[in-house]
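Heads up, structure-v5.txt below (compact mmCIF, C-alpha atoms):
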```txt
# COMPACT_ATOMS: atom_id res chain seq x y z
CA MET A 16 42.05 -4.93 -31.21
CA HIS A 17 41.93 -8.21 -29.27
CA THR A 18 43.84 -8.59 -25.97
CA GLU A 19 45.82 -11.80 -25.66
CA ASN A 20 45.79 -13.01 -22.05
CA GLU A 21 48.89 -15.15 -21.77
CA ILE A 22 52.14 -15.73 -19.94
CA LYS A 23 55.24 -17.71 -20.82
CA VAL A 24 57.06 -19.87 -18.26
CA LEU A 25 60.65 -20.14 -19.46
CA GLY A 26 63.09 -23.00 -19.13
CA ILE A 27 60.65 -25.84 -18.44
CA ASP A 28 61.26 -29.58 -18.40
CA LEU A 29 58.90 -30.89 -21.11
CA LYS A 30 58.39 -34.32 -19.52
CA LYS A 31 57.63 -32.92 -16.05
CA ALA A 32 55.30 -30.30 -17.53
CA GLU A 33 53.31 -32.87 -19.50
CA GLU A 34 53.06 -35.17 -16.46
CA LYS A 35 51.84 -32.31 -14.27
CA LEU A 36 49.27 -31.19 -16.84
CA LEU A 37 47.89 -34.72 -17.19
CA ASP A 38 47.82 -35.11 -13.37
CA LEU A 39 45.75 -31.91 -13.17
CA GLY A 40 43.25 -33.33 -15.67
CA PHE A 41 44.37 -31.39 -18.75
CA LYS A 42 43.72 -33.12 -22.08
CA ARG A 43 46.45 -33.27 -24.72
CA THR A 44 44.76 -31.89 -27.83
CA GLU A 45 47.31 -31.56 -30.62
CA GLU A 46 50.94 -31.50 -31.66
CA ILE A 47 51.84 -28.82 -34.19
CA THR A 48 54.84 -27.68 -36.18
CA TYR A 49 54.61 -24.03 -37.16
CA ARG A 50 56.31 -22.18 -39.97
CA ARG A 51 56.19 -18.38 -39.91
CA TYR A 52 57.47 -15.23 -41.51
CA VAL A 53 57.85 -12.08 -39.43
CA TYR A 54 57.64 -8.62 -41.02
CA ASP A 55 58.24 -5.12 -39.70
CA VAL A 56 55.36 -2.67 -39.56
CA VAL A 57 55.65 0.73 -41.23
CA PRO A 58 56.98 2.82 -39.67
CA VAL A 59 59.19 0.32 -37.85
CA ASN A 60 58.16 -0.16 -34.22
CA PRO A 61 60.26 -2.55 -32.09
CA ASN A 62 57.13 -3.49 -30.12
CA ALA A 63 54.89 -4.28 -33.12
CA TRP A 64 55.16 -6.71 -36.02
CA ILE A 65 53.24 -8.72 -38.61
CA ARG A 66 53.28 -12.51 -38.41
CA LEU A 67 52.29 -14.93 -41.17
CA ARG A 68 52.02 -18.41 -39.62
CA THR A 69 50.88 -21.85 -40.72
CA ASN A 70 50.64 -25.30 -39.24
CA GLY A 71 49.84 -26.80 -42.65
CA LYS A 72 46.10 -26.80 -41.92
CA LYS A 73 45.40 -23.24 -40.80
CA THR A 74 47.23 -20.09 -41.90
CA THR A 75 46.86 -16.75 -40.14
CA LEU A 76 48.06 -13.22 -40.73
CA THR A 77 48.41 -11.28 -37.49
CA PHE A 78 49.33 -7.79 -36.38
CA LYS A 79 50.82 -8.01 -32.86
CA GLU A 80 51.80 -5.24 -30.49
CA SER A 81 53.46 -5.72 -27.11
CA LEU A 82 52.36 -2.86 -24.86
CA LYS A 83 53.74 -4.13 -21.52
CA ASP A 84 55.14 -7.25 -19.85
CA SER A 85 51.92 -8.41 -18.22
CA VAL A 86 49.32 -11.11 -18.75
CA ASP A 87 47.17 -8.66 -20.74
CA GLY A 88 50.00 -6.73 -22.40
CA MET A 89 49.82 -8.20 -25.92
CA LYS A 90 47.30 -6.85 -28.43
CA GLU A 91 46.56 -8.50 -31.75
CA ILE A 92 44.40 -8.47 -34.83
CA GLU A 93 44.31 -11.82 -36.63
CA VAL A 94 42.71 -12.96 -39.88
CA ILE A 95 42.69 -16.37 -41.53
CA VAL A 96 44.24 -16.55 -44.98
CA ASP A 97 44.11 -19.54 -47.29
CA ASN A 98 47.66 -19.80 -48.66
CA PHE A 99 50.91 -19.31 -46.74
CA ASP A 100 53.22 -18.91 -49.76
CA GLU A 101 50.89 -16.66 -51.77
CA THR A 102 50.22 -14.44 -48.75
CA ASN A 103 53.98 -14.05 -48.32
CA GLU A 104 54.25 -13.10 -52.02
CA PHE A 105 51.38 -10.62 -51.60
CA LEU A 106 53.07 -8.98 -48.61
CA LYS A 107 56.37 -8.76 -50.49
CA ALA A 108 54.57 -7.20 -53.50
CA ILE A 109 53.23 -4.39 -51.28
CA GLY A 110 56.64 -3.71 -49.75
CA HIS A 111 56.84 -6.04 -46.73
CA GLU A 112 59.98 -8.17 -47.04
CA PRO A 113 60.12 -10.80 -44.31
CA ARG A 114 62.51 -9.91 -41.51
CA ASN A 115 63.01 -13.61 -40.89
CA TYR A 116 61.61 -17.12 -41.19
CA GLN A 117 61.04 -19.20 -38.04
CA GLU A 118 59.97 -22.70 -37.07
CA ASN A 119 58.81 -24.09 -33.76
CA SER A 120 56.93 -27.09 -32.45
CA ARG A 121 54.12 -27.04 -29.92
CA VAL A 122 52.07 -29.53 -27.92
CA ASN A 123 48.72 -28.14 -26.74
CA PHE A 124 46.69 -29.07 -23.67
CA GLU A 125 43.21 -27.88 -22.59
CA GLY A 126 41.93 -27.58 -19.03
CA MET A 127 40.94 -25.15 -16.27
CA ASN A 128 39.60 -22.73 -18.93
CA CYS A 129 43.13 -22.44 -20.36
CA THR A 130 45.13 -23.58 -23.33
CA ILE A 131 48.62 -24.64 -22.31
CA SER A 132 51.26 -24.88 -25.02
CA LEU A 133 54.61 -26.58 -24.53
CA ASP A 134 56.80 -24.80 -27.07
CA SER A 135 60.14 -25.90 -28.47
CA TRP A 136 62.28 -23.46 -30.44
CA PRO A 137 65.78 -23.86 -31.93
CA GLN A 138 68.69 -22.75 -29.70
CA ILE A 139 66.71 -22.05 -26.49
CA PRO A 140 65.20 -24.19 -23.72
CA PRO A 141 61.51 -25.06 -24.09
CA TYR A 142 58.87 -22.87 -22.53
CA MET A 143 55.23 -23.17 -21.55
CA GLU A 144 52.62 -20.66 -22.66
CA ILE A 145 49.41 -20.30 -20.65
CA GLU A 146 46.55 -18.58 -22.49
CA ALA A 147 42.92 -17.96 -21.54
CA ASP A 148 40.02 -15.63 -22.27
CA ASN A 149 40.84 -13.57 -19.17
CA ALA A 150 43.79 -12.79 -16.92
CA ASP A 151 42.19 -14.42 -13.86
CA ASP A 152 42.10 -17.84 -15.56
CA VAL A 153 45.71 -17.42 -16.71
CA ASN A 154 46.77 -16.65 -13.15
CA LYS A 155 44.80 -19.61 -11.72
CA CYS A 156 46.53 -21.97 -14.16
CA LEU A 157 49.91 -20.42 -13.39
CA GLU A 158 49.29 -20.96 -9.68
CA ALA A 159 48.27 -24.60 -10.25
CA LEU A 160 51.47 -25.11 -12.24
CA SER A 161 53.72 -23.10 -9.89
CA GLU A 162 56.04 -26.04 -9.18
CA LEU A 163 57.09 -25.89 -12.86
CA VAL A 164 58.17 -22.25 -12.56
CA THR A 165 61.88 -22.70 -11.94
CA SER A 166 63.07 -19.83 -14.09
CA ASP A 167 61.44 -16.74 -15.45
CA THR A 168 57.98 -15.74 -16.63
CA THR A 169 57.14 -13.12 -19.24
CA SER A 170 54.38 -12.01 -21.56
CA LEU A 171 56.74 -10.43 -24.04
CA SER A 172 57.39 -11.65 -27.57
CA THR A 173 59.48 -14.64 -28.57
CA GLU A 174 62.12 -12.16 -29.76
CA GLU A 175 62.36 -10.85 -26.19
CA VAL A 176 62.58 -14.43 -24.87
CA TYR A 177 65.55 -15.04 -27.17
CA LYS A 178 67.20 -11.86 -25.84
CA ARG A 179 66.99 -13.33 -22.32
CA TYR A 180 69.22 -16.14 -23.61
CA GLY A 181 71.64 -13.69 -25.24
CA ILE A 182 70.41 -14.28 -28.80
CA ASP A 183 69.33 -11.49 -31.15
CA LEU A 184 66.54 -13.24 -33.05
CA SER A 185 66.21 -10.32 -35.48
CA SER A 186 69.74 -11.05 -36.73
CA ILE A 187 68.84 -14.65 -37.67
CA LYS A 188 67.38 -14.78 -41.19
CA GLU A 189 66.23 -18.42 -40.94
CA LEU A 190 65.51 -20.12 -37.61
CA ARG A 191 64.98 -23.82 -38.28
CA PHE A 192 65.41 -26.96 -36.24
CA ASP A 193 67.79 -28.42 -38.82
CA LYS A 194 69.91 -25.27 -39.26
CA VAL A 195 70.19 -21.61 -38.38
CA ALA A 196 71.16 -19.12 -41.09
CA ALA A 197 72.34 -15.63 -40.16
```
Go ahead and render the structure in this file as structure tokens.
Amino acid sequence: MHTENEIKVLGIDLKKAEEKLLDLGFKRTEEITYRRYVYDVVPVNPNAWIRLRTNGKKTTLTFKESLKDSVDGMKEIEVIVDNFDETNEFLKAIGHEPRNYQENSRVNFEGMNCTISLDSWPQIPPYMEIEADNADDVNKCLEALSELVTSDTTSLSTEEVYKRYGIDLSSIKELRFDKVAA
């Protein structure tokens, strides 16, 4: 299983974050809108889930498990699949009904051996995700961006981020920018 080395910086100002990244020499690489389904694993484990995600160009199916709230606390196994809708139908056919559907937008930057994502999600303030091949690089980027850390940092799942804002993401069947369906 692959270790994801990442940390989220909650409650960021998108404009200030982009300016700081560009000042530090980061290159803006892409702007993405993601669509995803989230499924429970069997047996249900509140710290593990299956994610089917697409940006319209690349679709992945991922098993994720949050072992601890640390830079190296998320484990994952990810495979590329070729069709978002058919993979969802396949998962449903083998007994995995989606827990919910989610959308978010992301602007990615590359620099200092890190990928920085500025993430926007419905109903919560934007956050920055810092990811690298190792925890040392994540921590170096976090230090370089320390003036942007005005709130909280975490390596836990997006569902846990929503809980910090008093929202139970698992109770929202469809999380979209244009509407939220319970």
Minimum-distance residue to A:Asp148, chosen among A:Trp64, A:Phe105, A:Asp87, A:Glu118 (using all atoms listed in the file): A:Asp87
Find the axis-aligned box for stretch 53-72 of chain A, covering all its listed atoms and adding 6 Å on each side, and write its centre and edge lengths in Å to one decimal as lines of an AutoDock Vina configuration file.
```
center_x = 53.2
center_y = -12.0
center_z = -36.4
size_x = 26.2
size_y = 41.6
size_z = 24.5
```
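Residues surrounding stretch 121-133 of chain A within 8 Å are A:Leu29, A:Ala32, A:Leu36, A:Gly40, A:Phe41, A:Lys42, A:Arg43, A:Thr44, A:Glu45, A:Glu46, A:Ile47, A:Thr48, A:Tyr49, A:Asn119, A:Ser135, A:Pro141, A:Tyr142, A:Met143, A:Glu144, A:Ile145, A:Glu146, A:Ala147, A:Asp148, A:Asp152, A:Val153, A:Cys156 [only C-alpha atoms; sequence separation below 2 positions excluded].
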Selection near A:Asp167, 10 Å with all atoms listed in the file, sequence-local residues under 2 positions removed, as number ranges by chain: A: 23-27, 142, 164-165, 169, 176, 179
Between atom CA of A:Asn60 and atom CA of A:Glu91 - distance in Å to one decimal: 14.5 Å
Selection: 10 Å around stretch 76-82 of chain A, all atoms listed in the file, excl. self and same-chain fewer than 4 positions, as a PyMOL selection string: chain A and resi 16-19+51-56+60-69+87-97+99+102-103+170-172
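Comparing the minimum interatomic distances between A:Thr168 and each of A:Ala108, A:Gly71, A:Ile22, A:Asp193, counting all atoms listed in the file, we find that A:Ile22 sits nearest.
Take atom CA of A:Lys35 and atom CA of A:Pro137: the distance between them is 24.0 Å.
Note that the spacing between atom CA of A:Ser185 and atom CA of A:Ile139 amounts to 14.8 Å.
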Nearest candidate to A:Thr75 (options A:Lys30, A:Asn98, A:Pro58, A:Leu157; using all atoms listed in the file):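 Nearest to A:Thr75: A:Asn98.
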Nearest to A:Glu162 by atom-to-atom distance, counting all atoms listed in the file, from A:Arg191, A:Gln138, A:Lys31, A:Ala150: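 The closest residue to A:Glu162 is A:Lys31.
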Shortest interatomic distance to A:Lys83 - which of A:Ile187, A:Asn20, A:Phe192, A:Ala159, counting all atoms listed in the file: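 Using all atoms listed in the file, A:Lys83 sits closest to A:Asn20.
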Keeping just C-alpha atoms, export stretch 26-168 of chain A of this structure as a compact mmCIF listing (two decimals), in the first residue's frame.
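out_6.txt written:
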```
# COMPACT_ATOMS: atom_id res chain seq x y z
CA GLY A 26 -9.40 28.13 5.96
CA ILE A 27 -7.03 29.75 3.45
CA ASP A 28 -7.49 32.91 1.41
CA LEU A 29 -7.25 31.67 -2.20
CA LYS A 30 -5.88 34.93 -3.61
CA LYS A 31 -3.17 35.29 -0.94
CA ALA A 32 -2.22 31.62 -1.30
CA GLU A 33 -1.83 31.87 -5.08
CA GLU A 34 0.22 35.08 -4.77
CA LYS A 35 2.52 33.49 -2.18
CA LEU A 36 3.00 30.35 -4.27
CA LEU A 37 3.89 32.39 -7.36
CA ASP A 38 6.26 34.58 -5.28
CA LEU A 39 8.02 31.40 -4.11
CA GLY A 40 8.50 30.29 -7.73
CA PHE A 41 5.74 27.68 -7.88
CA LYS A 42 4.24 27.10 -11.34
CA ARG A 43 0.47 26.93 -11.78
CA THR A 44 -0.07 23.66 -13.62
CA GLU A 45 -3.79 22.99 -13.95
CA GLU A 46 -7.30 23.81 -12.85
CA ILE A 47 -9.56 20.80 -12.30
CA THR A 48 -13.15 20.07 -11.40
CA TYR A 49 -13.57 16.65 -9.81
CA ARG A 50 -16.63 14.46 -9.59
CA ARG A 51 -16.51 11.50 -7.22
CA TYR A 52 -18.49 8.74 -5.61
CA VAL A 53 -17.54 7.49 -2.17
CA TYR A 54 -18.34 3.92 -1.07
CA ASP A 55 -18.02 2.10 2.24
CA VAL A 56 -15.65 -0.84 2.51
CA VAL A 57 -16.90 -4.20 3.76
CA PRO A 58 -17.01 -4.55 6.66
CA VAL A 59 -17.67 -0.84 7.25
CA ASN A 60 -14.65 0.96 8.71
CA PRO A 61 -15.03 4.68 9.51
CA ASN A 62 -11.34 5.20 8.66
CA ALA A 63 -11.38 3.45 5.26
CA TRP A 64 -13.35 3.99 2.06
CA ILE A 65 -13.38 3.52 -1.70
CA ARG A 66 -13.29 6.58 -3.96
CA LEU A 67 -14.16 6.69 -7.65
CA ARG A 68 -13.01 10.07 -9.01
CA THR A 69 -12.76 11.76 -12.39
CA ASN A 70 -11.67 15.08 -13.77
CA GLY A 71 -13.09 14.24 -17.20
CA LYS A 72 -9.68 13.16 -18.50
CA LYS A 73 -8.44 10.69 -15.89
CA THR A 74 -10.57 8.40 -13.73
CA THR A 75 -9.22 6.55 -10.71
CA LEU A 76 -10.54 3.97 -8.29
CA THR A 77 -8.85 4.22 -4.90
CA PHE A 78 -8.92 2.42 -1.58
CA LYS A 79 -7.97 4.92 1.16
CA GLU A 80 -7.32 4.33 4.83
CA SER A 81 -6.59 7.04 7.40
CA LEU A 82 -4.36 5.52 10.08
CA LYS A 83 -3.43 8.70 11.99
CA ASP A 84 -3.53 12.50 11.71
CA SER A 85 0.02 12.98 10.48
CA VAL A 86 1.77 13.82 7.22
CA ASP A 87 2.28 10.10 6.53
CA GLY A 88 -0.99 8.85 8.05
CA MET A 89 -2.97 8.16 4.86
CA LYS A 90 -2.49 4.90 2.98
CA GLU A 91 -3.91 4.23 -0.46
CA ILE A 92 -4.05 1.83 -3.36
CA GLU A 93 -5.07 3.50 -6.63
CA VAL A 94 -5.77 2.15 -10.11
CA ILE A 95 -6.74 3.96 -13.29
CA VAL A 96 -10.07 2.96 -14.81
CA ASP A 97 -11.35 4.08 -18.18
CA ASN A 98 -15.01 4.95 -17.53
CA PHE A 99 -16.44 6.78 -14.50
CA ASP A 100 -20.10 5.84 -15.03
CA GLU A 101 -19.47 2.20 -15.95
CA THR A 102 -17.11 1.72 -13.00
CA ASN A 103 -19.84 3.08 -10.72
CA GLU A 104 -22.30 0.59 -12.29
CA PHE A 105 -19.77 -2.23 -11.81
CA LEU A 106 -19.30 -1.35 -8.13
CA LYS A 107 -23.07 -1.21 -7.61
CA ALA A 108 -23.46 -4.61 -9.33
CA ILE A 109 -21.05 -6.19 -6.82
CA GLY A 110 -22.84 -4.65 -3.84
CA HIS A 111 -21.17 -1.26 -3.35
CA GLU A 112 -23.85 1.44 -3.41
CA PRO A 113 -22.30 4.91 -3.31
CA ARG A 114 -22.51 6.54 0.10
CA ASN A 115 -22.53 9.92 -1.61
CA TYR A 116 -21.59 11.95 -4.67
CA GLN A 117 -19.22 14.92 -4.30
CA GLU A 118 -17.78 17.71 -6.41
CA ASN A 119 -14.85 20.01 -5.78
CA SER A 120 -12.55 22.28 -7.74
CA ARG A 121 -8.79 22.43 -7.47
CA VAL A 122 -5.94 24.58 -8.77
CA ASN A 123 -2.56 22.81 -8.73
CA PHE A 124 0.92 24.29 -8.37
CA GLU A 125 4.33 22.58 -8.59
CA GLY A 126 7.51 23.64 -6.79
CA MET A 127 9.96 22.76 -4.02
CA ASN A 128 9.41 19.03 -4.77
CA CYS A 129 5.74 19.45 -3.81
CA THR A 130 2.35 19.60 -5.43
CA ILE A 131 0.19 22.27 -3.83
CA SER A 132 -3.55 22.11 -4.42
CA LEU A 133 -5.91 24.96 -3.61
CA ASP A 134 -9.20 23.14 -3.04
CA SER A 135 -12.70 24.58 -3.02
CA TRP A 136 -15.61 22.52 -1.70
CA PRO A 137 -19.29 23.41 -1.23
CA GLN A 138 -20.26 24.79 2.21
CA ILE A 139 -16.74 25.09 3.71
CA PRO A 140 -13.85 27.57 3.36
CA PRO A 141 -11.14 26.64 0.85
CA TYR A 142 -8.10 24.71 1.96
CA MET A 143 -4.61 24.04 0.67
CA GLU A 144 -3.21 20.54 0.34
CA ILE A 145 0.56 20.04 0.30
CA GLU A 146 1.72 16.69 -1.10
CA ALA A 147 5.18 15.29 -1.82
CA ASP A 148 7.05 12.01 -2.16
CA ASN A 149 8.27 12.28 1.43
CA ALA A 150 7.29 13.92 4.71
CA ASP A 151 10.41 16.12 4.82
CA ASP A 152 9.46 17.88 1.57
CA VAL A 153 5.89 18.36 2.81
CA ASN A 154 7.20 19.95 6.01
CA LYS A 155 9.64 22.21 4.10
CA CYS A 156 6.79 23.49 1.91
CA LEU A 157 4.56 23.96 4.95
CA GLU A 158 7.30 26.00 6.61
CA ALA A 159 7.77 28.15 3.49
CA LEU A 160 4.02 28.78 3.44
CA SER A 161 3.65 29.25 7.21
CA GLU A 162 2.24 32.77 6.89
CA LEU A 163 -0.82 31.22 5.21
CA VAL A 164 -1.51 28.96 8.19
CA THR A 165 -4.09 31.04 10.03
CA SER A 166 -6.33 28.19 11.07
CA ASP A 167 -5.87 24.48 11.41
CA THR A 168 -3.83 21.79 9.69
```
